[in-house]
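Student: What follows is query-v9.cif; its format and atoms are mmCIF, C-alpha atoms.
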data_run
loop_
_atom_site.label_atom_id
_atom_site.label_comp_id
_atom_site.auth_asym_id
_atom_site.auth_seq_id
_atom_site.Cartn_x
_atom_site.Cartn_y
_atom_site.Cartn_z
CA SER A 1 45.07 183.70 182.13
CA ALA A 2 45.54 180.64 179.91
CA PRO A 3 48.99 179.94 178.43
CA ALA A 4 49.52 181.10 174.90
CA ALA A 5 49.05 178.49 172.19
CA PRO A 6 52.31 177.33 170.58
CA SER A 7 53.06 178.81 167.21
CA SER A 8 53.19 176.60 164.12
CA THR A 9 57.00 176.91 164.05
CA GLU A 10 57.29 175.70 167.63
CA THR A 11 54.87 172.85 166.88
CA ILE A 12 56.93 171.74 163.86
CA GLN A 13 60.12 172.04 165.92
CA SER A 14 58.69 169.86 168.69
CA TYR A 15 57.52 167.26 166.11
CA VAL A 16 61.04 167.18 164.64
CA GLU A 17 62.61 166.82 168.07
CA GLU A 18 60.11 164.06 168.99
CA ARG A 19 60.87 162.21 165.76
CA GLN A 20 64.63 162.52 166.38
CA LEU A 21 64.19 161.30 169.96
CA LYS A 22 62.14 158.30 168.78
CA ALA A 23 64.76 157.52 166.11
CA GLY A 24 67.54 157.69 168.72
CA ILE A 25 65.58 155.43 171.10
CA LYS A 26 64.93 152.99 168.25
CA THR A 27 68.63 152.90 167.39
CA ILE A 28 69.56 152.25 171.03
CA LEU A 29 66.91 149.51 171.33
CA THR A 30 68.13 147.90 168.10
CA GLY A 31 71.70 147.88 169.48
CA VAL A 32 70.58 146.40 172.81
CA GLU A 33 68.48 143.80 170.97
CA ALA A 34 71.51 142.81 168.85
CA LYS A 35 73.64 142.45 171.99
CA VAL A 36 70.97 140.32 173.68
CA ASP A 37 70.73 138.13 170.57
CA LYS A 38 74.49 137.75 170.58
CA LEU A 39 74.49 136.77 174.28
CA ASN A 40 71.62 134.29 173.66
CA SER A 41 73.56 132.81 170.77
CA LYS A 42 76.63 132.40 172.97
CA PHE A 43 74.51 130.90 175.72
CA GLU A 44 72.90 128.47 173.25
CA GLN A 45 76.35 127.38 172.15
CA LEU A 46 77.13 126.46 175.76
CA ARG A 47 74.11 124.16 175.93
CA VAL A 48 74.76 120.56 174.91
CA PRO A 49 72.30 117.66 174.37
CA VAL A 50 72.63 115.03 177.12
CA GLY A 51 71.12 111.66 177.86
CA GLU A 52 68.66 109.39 176.06
CA SER A 53 65.77 111.82 176.28
CA GLY A 54 67.72 114.27 174.14
CA LYS A 55 66.80 117.11 176.51
CA GLU A 56 69.22 119.99 176.77
CA VAL A 57 70.73 120.84 180.10
CA GLY A 58 72.94 123.77 181.08
CA VAL A 59 76.69 123.49 181.26
CA SER A 60 77.91 122.29 184.64
CA GLY A 61 80.07 124.43 186.89
CA LEU A 62 82.97 121.99 186.41
CA GLN A 63 82.74 122.36 182.62
CA VAL A 64 82.71 126.17 182.96
CA ILE A 65 85.77 126.02 185.26
CA GLN A 66 87.55 123.60 182.89
CA THR A 67 86.73 125.84 179.93
CA ILE A 68 87.95 128.92 181.80
CA GLN A 69 91.11 127.02 182.87
CA ARG A 70 91.69 125.85 179.26
CA LEU A 71 91.21 129.42 177.99
CA SER A 72 93.53 130.72 180.72
CA ASP A 73 96.17 128.12 179.85
CA GLU A 74 95.80 128.95 176.16
CA ASN A 75 96.11 132.64 177.00
CA ASP A 76 99.26 131.98 179.08
CA ARG A 77 100.72 129.87 176.27
CA MET A 78 99.98 132.60 173.72
CA ARG A 79 101.51 135.20 176.05
CA ALA A 80 104.65 133.06 176.41
CA GLU A 81 104.83 132.60 172.62
CA THR A 82 104.35 136.34 172.12
CA LYS A 83 107.08 137.10 174.68
CA GLU A 84 109.38 134.56 173.01
CA LYS A 85 108.69 136.08 169.60
CA ASN A 86 109.21 139.60 170.97
CA ASP A 87 112.50 138.49 172.57
CA ARG A 88 113.57 136.93 169.25
CA ILE A 89 112.57 140.10 167.37
CA GLU A 90 114.57 142.19 169.86
CA ALA A 91 117.59 139.87 169.46
CA LEU A 92 117.30 140.13 165.68
CA ARG A 93 117.01 143.92 165.94
CA GLU A 94 120.15 143.97 168.09
CA LYS A 95 121.94 141.74 165.60
CA ILE A 96 120.82 143.97 162.70
CA THR A 97 122.10 147.02 164.61
CA GLN A 98 125.46 145.29 165.18
CA LEU A 99 125.66 144.22 161.53
CA HIS A 100 124.77 147.76 160.45
CA ALA A 101 127.53 149.18 162.68
CA LYS A 102 129.97 146.56 161.34
CA ASN A 103 128.95 147.40 157.78
CA GLU A 104 129.43 151.15 158.42
CA LYS A 105 132.88 150.45 159.90
CA PHE A 106 133.76 148.25 156.93
CA LEU A 107 132.59 150.91 154.46
CA GLU A 108 134.62 153.60 156.25
CA GLU A 109 137.72 151.35 156.32
CA ASN A 110 137.24 150.41 152.67
CA SER A 111 136.80 154.07 151.75
CA ARG A 112 139.97 154.98 153.64
CA ILE A 113 141.91 152.16 151.93
CA MET A 114 140.60 153.25 148.52
CA GLU A 115 141.60 156.87 149.21
CA THR A 116 145.09 155.75 150.30
CA ARG A 117 145.36 153.51 147.23
CA ASN A 118 144.21 156.34 144.96
CA ASP A 119 146.72 158.71 146.56
CA MET A 120 149.52 156.14 146.07
CA LEU A 121 148.46 155.54 142.47
CA SER A 122 148.39 159.27 141.87
CA GLU A 123 151.88 159.65 143.38
CA ASN A 124 153.15 156.72 141.28
CA VAL A 125 151.61 158.21 138.13
CA ASN A 126 153.18 161.59 138.87
CA SER A 127 156.55 159.97 139.64
CA THR A 128 156.38 157.86 136.46
CA ARG A 129 155.39 160.93 134.45
CA LYS A 130 158.40 162.84 135.83
CA GLN A 131 160.70 159.89 135.04
CA ILE A 132 159.31 159.68 131.50
CA MET A 133 159.85 163.43 131.01
CA GLU A 134 163.40 163.14 132.38
CA LEU A 135 164.13 160.16 130.11
CA GLN A 136 162.68 162.10 127.17
CA ARG A 137 165.00 165.03 127.93
CA GLU A 138 167.98 162.65 128.18
CA LYS A 139 166.94 160.98 124.90
CA ASN A 140 166.68 164.36 123.17
CA LYS A 141 170.08 165.33 124.56
CA CYS A 142 171.59 162.02 123.39
CA GLU A 143 170.01 162.47 119.96
CA GLU A 144 171.47 165.99 119.75
CA GLU A 145 174.89 164.70 120.85
CA LEU A 146 174.62 161.84 118.34
CA ALA A 147 173.71 164.28 115.55
CA ALA A 148 176.66 166.50 116.54
CA ALA A 149 178.95 163.45 116.68
CA LEU A 150 177.73 162.33 113.24
CA VAL A 151 178.42 165.81 111.83
CA SER A 152 181.81 165.80 113.52
CA SER A 153 182.50 162.27 112.25
CA SER A 154 181.46 163.32 108.73
CA LYS A 155 183.82 166.31 108.93
CA ALA A 156 186.60 164.07 110.27
CA ASN A 157 185.98 161.59 107.44
CA SER A 158 186.12 164.43 104.91
CA GLN A 159 189.34 165.71 106.47
CA TYR A 160 190.76 162.17 106.54
CA SER A 161 189.85 161.69 102.88
CA ALA A 162 191.46 165.05 102.01
CA LEU A 163 194.57 164.18 104.03
CA ASN A 164 194.67 160.73 102.47
CA ARG A 165 194.54 162.26 99.02
CA GLN A 166 197.31 164.65 100.01
CA TYR A 167 199.31 161.71 101.38
CA VAL A 168 198.80 159.75 98.17
CA ALA A 169 199.77 162.80 96.12
CA LEU A 170 202.84 163.42 98.32
CA SER A 171 203.77 159.75 98.20
CA GLU A 172 203.54 159.92 94.40
CA ASP A 173 205.67 163.10 94.39
CA ILE A 174 208.22 161.49 96.73
CA LYS A 175 208.36 158.42 94.54
CA LEU A 176 208.83 160.55 91.43
CA ASN A 177 211.45 162.64 93.23
CA HIS A 178 213.21 159.50 94.41
CA GLU A 179 213.29 158.13 90.91
CA GLU A 180 214.56 161.49 89.63
CA ILE A 181 217.29 161.53 92.29
CA THR A 182 218.27 157.95 91.44
CA ARG A 183 218.41 158.78 87.75
CA LEU A 184 220.44 161.91 88.41
CA GLY A 185 222.79 159.96 90.65
CA LYS A 186 223.44 157.47 87.88
CA GLU A 187 224.08 160.26 85.43
CA ILE A 188 226.58 161.84 87.78
CA ASP A 189 228.43 158.58 88.19
#
For the structure just supplied, provide its representation as structure tokens.
Tutor:
Amino acid sequence: SAPAAPSSTETIQSYVEERQLKAGIKTILTGVEAKVDKLNSKFEQLRVPVGESGKEVGVSGLQVIQTIQRLSDENDRMRAETKEKNDRIEALREKITQLHAKNEKFLEENSRIMETRNDMLSENVNSTRKQIMELQREKNKCEEELAAALVSSSKANSQYSALNRQYVALSEDIKLNHEEITRLGKEID
């Protein structure tokens, strides 16, 4: 029996697949064509006009070898420069690491010194504060003693004045008594 005719869905599917296949082939061919054009362009660049006739001839084997040698030398030189730069970068990295370590050590040392200095300042402040308080107590005590001495001196002055008055009064009495005795003595005589 004859094979069954494809359905319309299968037909459309096969058309789609065929179109996709053709598009893929076209893309590949376009890429190959571009690569060929690029190679032709490079090849054309290698051709140089020579002689009076102005005809172009291909590059000689010696020129190709010289070009390859020049490119190889250039490549070696660039490799050497790159290695030199990499070595310099590595040396700079090492130096930066050393400087960083030195800086960390300096910061730690500076921090320790500052802490010690702060502790000493704090101790000095506390010691000075204690001395000031002690001096204040002594000053208060001296002021109290001075006030007591002034009161005592005032009392002593009052007593002295009273005693002086008594002395003056007694001296006056003695003088009067002496005069009275002298007068009486004369009367007796």
Student: Please, what distance in Å, to one decimal, runs between atom CA of A:Ile113 and atom CA of A:Ala101?
Tutor: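 A separation of 18.2 Å between them.
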Student: What is the atom CA of A:Gly185 to atom CA of A:Ala169 distance in Å?
Tutor: 23.8 Å
Student: For atom CA of A:Leu99 and atom CA of A:Glu115, quote the distance in Å rounded to one decimal.
Tutor: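 Here the two named atoms are 23.8 Å from each other.
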Student: Mind completing stretch 139-160 of chain A with N, CA, C and O atoms? Output as a short mmCIF file (atom, residue, chain, number, x, y, z; two decimals), keeping the file's coordinate frame, please?
Tutor:
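Listing of part-v4.cif after writing:
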data_model
loop_
_atom_site.label_atom_id
_atom_site.label_comp_id
_atom_site.auth_asym_id
_atom_site.auth_seq_id
_atom_site.Cartn_x
_atom_site.Cartn_y
_atom_site.Cartn_z
N LYS A 139 166.96 161.52 126.27
CA LYS A 139 166.94 160.98 124.90
C LYS A 139 167.19 162.08 123.89
O LYS A 139 168.00 161.94 122.96
N ASN A 140 166.49 163.22 124.08
CA ASN A 140 166.68 164.36 123.17
C ASN A 140 168.13 164.83 123.20
O ASN A 140 168.73 165.13 122.15
N LYS A 141 168.68 164.90 124.42
CA LYS A 141 170.08 165.33 124.56
C LYS A 141 171.02 164.35 123.85
O LYS A 141 171.94 164.77 123.12
N CYS A 142 170.75 163.04 124.05
CA CYS A 142 171.59 162.02 123.39
C CYS A 142 171.46 162.11 121.87
O CYS A 142 172.45 161.96 121.15
N GLU A 143 170.22 162.34 121.41
CA GLU A 143 170.01 162.47 119.96
C GLU A 143 170.77 163.68 119.41
O GLU A 143 171.38 163.61 118.33
N GLU A 144 170.73 164.79 120.18
CA GLU A 144 171.47 165.99 119.75
C GLU A 144 172.98 165.70 119.72
O GLU A 144 173.69 166.08 118.78
N GLU A 145 173.46 165.03 120.79
CA GLU A 145 174.89 164.70 120.85
C GLU A 145 175.27 163.75 119.71
O GLU A 145 176.35 163.89 119.11
N LEU A 146 174.36 162.77 119.43
CA LEU A 146 174.62 161.84 118.34
C LEU A 146 174.68 162.58 117.00
O LEU A 146 175.58 162.33 116.18
N ALA A 147 173.73 163.50 116.80
CA ALA A 147 173.71 164.28 115.55
C ALA A 147 175.00 165.09 115.43
O ALA A 147 175.63 165.13 114.37
N ALA A 148 175.42 165.71 116.55
CA ALA A 148 176.66 166.50 116.54
C ALA A 148 177.85 165.60 116.26
O ALA A 148 178.77 165.94 115.49
N ALA A 149 177.85 164.39 116.88
CA ALA A 149 178.95 163.45 116.68
C ALA A 149 179.00 162.98 115.23
O ALA A 149 180.08 162.83 114.64
N LEU A 150 177.78 162.75 114.65
CA LEU A 150 177.73 162.33 113.24
C LEU A 150 178.27 163.43 112.33
O LEU A 150 179.03 163.16 111.38
N VAL A 151 177.90 164.68 112.62
CA VAL A 151 178.42 165.81 111.83
C VAL A 151 179.93 165.88 111.99
O VAL A 151 180.68 166.02 111.01
N SER A 152 180.38 165.75 113.26
CA SER A 152 181.81 165.80 113.52
C SER A 152 182.53 164.65 112.83
O SER A 152 183.61 164.82 112.24
N SER A 153 181.91 163.45 112.90
CA SER A 153 182.50 162.27 112.25
C SER A 153 182.56 162.47 110.73
O SER A 153 183.55 162.12 110.09
N SER A 154 181.49 163.06 110.18
CA SER A 154 181.46 163.32 108.73
C SER A 154 182.58 164.28 108.35
O SER A 154 183.28 164.08 107.36
N LYS A 155 182.74 165.33 109.19
CA LYS A 155 183.82 166.31 108.93
C LYS A 155 185.18 165.62 109.04
O LYS A 155 186.07 165.83 108.21
N ALA A 156 185.33 164.77 110.06
CA ALA A 156 186.60 164.07 110.27
C ALA A 156 186.88 163.15 109.08
O ALA A 156 188.03 163.06 108.60
N ASN A 157 185.82 162.47 108.60
CA ASN A 157 185.98 161.59 107.44
C ASN A 157 186.40 162.41 106.20
O ASN A 157 187.25 161.96 105.41
N SER A 158 185.77 163.56 106.05
CA SER A 158 186.12 164.43 104.91
C SER A 158 187.58 164.86 105.03
O SER A 158 188.34 164.83 104.04
N GLN A 159 187.95 165.28 106.26
CA GLN A 159 189.34 165.71 106.47
C GLN A 159 190.31 164.54 106.23
O GLN A 159 191.38 164.72 105.61
N TYR A 160 189.91 163.35 106.72
CA TYR A 160 190.76 162.17 106.54
C TYR A 160 190.94 161.88 105.04
O TYR A 160 192.05 161.59 104.58
#
